[in-house]
Structure formats: structure tokens, C-alpha cells
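Inspection log for the structure reproduced underneath, given as C-alpha cells.
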Amino acid sequence: MESDKSNLGHLSIFWGNGKGKSTSAFGTAVRALGNGYSVHLVQFMKNGASSLEQQIPGEIYALEKFTNFSYKRFGLGSWVTNKNKQEHLDSVKATLDYLKSSFNEDYDIIIADEILYAIQLGLLQEQEVLDLIDSRPRNKDLILTGSHIPYPNLFDKADLVTEIKKIKHPYDKGILARKGLEF
């Protein structure tokens, strides 16, 4: 299928305290992939795994079936603490550097998954993401996800901002996330 690349160049942000920020980005990816666009996913603060043998989540396993999909995961696989904060800072810097380099590749859509959480956790400065937005190629879509807190300066630069708001969640009743459905 031939895609119309003349309509690319938008910035989309999915944020909020509800479940579905990354899922919304992945849904956009599926639609784009099905219409012939290429999509590259860069995940901040994940476990850094790069193969199915290293427990790739189901959504990536499904997206890998598209030949025009690629991804790279970064992270330590642990929560940020005072003891490991420098390691997380180093990992986020490496992720941001890689994300910037992906702008030079032949991708139509680039997803920076969980980048807003990196700001929220103090691992990335908001200005660094503003600079990233300003440096992005105008012929590629960029999607940012994460964070429970708003970033109005980022939102001002976006074409689409969607707040994912929790109304009710099974976790509130002590029900943990289910493999294959929530993670």
C-alpha cells in the first residue's frame, strides 16, 4: 500500500494518570503500519531487552510482524532510587541520543515511549525535550508518551494532546496487572 507522506510532520502527546498512553501510541502505529508508513519505537526506562528471548512485551511481538516496524528499548529494568539514579540518568541520556540519531533514518513515525516520565522523574529536563521537538525533521511524525503531570510548554508545540484520565481501575481494588492484557 502506498502511503501519502505529504501529510507527515505532526507532534502528538499522550499523557495522564490513566492506563492507555502507550497503547494509544501503539494503536496509531498499527493504523500507520497498515497504511504503508514505517514506524520506529524508542522506549525510555524499560529493561533494555532487544529480543523475544529477553521477554519482549506482547505489543512489540505483535508489531514485529510488520516489516516496516522497528524498535529499540533502553533502561535498567528497575525503579529509580537514590542508589541507582546516576545509572538511570546515563541510560536516559543514551536513549535521548539514540532518539535524536533516529531522526536521520528512513522512518515516517517515531514514538518516544515514556519520555515524559523521564522528565517527571528528573532524569531529563523539559528543555531537552523542547529542543528535541524543535530539532525534529518536519517530514516525520513524532509521538511522545508518559507522565501523570502536564507540561504546557510541550503541549503548546503539539498538534495533538490527549489526556488519558483514570476514572476507575482494578488496581484500586488490589487487582494486579494481568500479563497479556495490561502488560
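Naming scheme: A, B, ... for chains in displayed order of the C-alpha cells; residues 1 onward per chain; ligands 1 onward as shown.
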
- List every residue of range 86-177 of chain A that DSSP, applied to the backbone, labels as strand (DSSP E), and write the result as a PyMOL selection string. chain A and resi 109-113+141-145+160-163

- All residues 9 Å or closer to Val92 in chain A, only C-alpha atoms, same chain fewer than 3 positions away omitted, as a ChimeraX atom specification: /A:44-45,74-75,87-89,95-97,115,118,123-124

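Here CA of Asn82 in chain A is placed at a distance of 27.6 Å from CA of Asp172 in chain A.
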
- Could you give me the residues within range 10-163 of chain A that DSSP places in alpha helix (DSSP H), as a PyMOL selection string? chain A and resi 21-34+58-63+85-102+115-120+126-135+152-157

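Among A:Gly58, A:Pro152, A:Gly146, A:Gly9, the residue with the shortest atom-to-atom distance to Asp108 in chain A, counting only C-alpha atoms, is A:Gly9.
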
- Item | Which of A:Lys93, A:Lys140, A:Arg31, A:Lys65 sits closest to Leu8 in chain A [using only C-alpha atoms] | A:Lys140

- Point out the residue among A:Leu176, A:Glu64, A:Ile133, A:Leu116 with the least atom-to-atom distance to Ser147 in chain A, counting only C-alpha atoms.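 Comparing A:Leu176, A:Glu64, A:Ile133, A:Leu116 against Ser147 in chain A, the winner is A:Leu116.
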
- Item | Contacts of Gly20 in chain A at 10 Å (only C-alpha atoms; same-chain gap of 6+ positions) as an MDAnalysis selection string | chainID A and resid 14 26:27 145:146 163:166 182

- Item | For CA of Ile119 in chain A and CA of Ser38 in chain A, the interatomic separation in Å (one decimal) |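 Between CA of Ile119 in chain A and CA of Ser38 in chain A the gap works out to 27.0 Å.
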
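The residue that comes closest to Ser70 in chain A, out of A:Thr28, A:Asn17, A:Thr162, A:Gln43 and on the basis of only C-alpha atoms, is A:Gln43.
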
- Item | Selection near Asp131 in chain A, 12 Å with only C-alpha atoms, sequence-local residues under 2 positions removed, as an MDAnalysis selection string | chainID A and resid 96 100 124:129 133:136 153:154 157

- Item | Residues near Ile143 in chain A, cut-off 10 Å, only C-alpha atoms, skip fewer than 3 positions along chain, as a list in words |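 The residues that qualify are His10, Leu11, Ser12, Ile13, Phe14, Ser22, Ser24, Ala25, Phe26, Thr28, Ala29, Leu41, Ile109, Ile110, Ile111, Ala112, Asp113, Ile115, Lys140, Ala158, Leu160 and Val161 of chain A.
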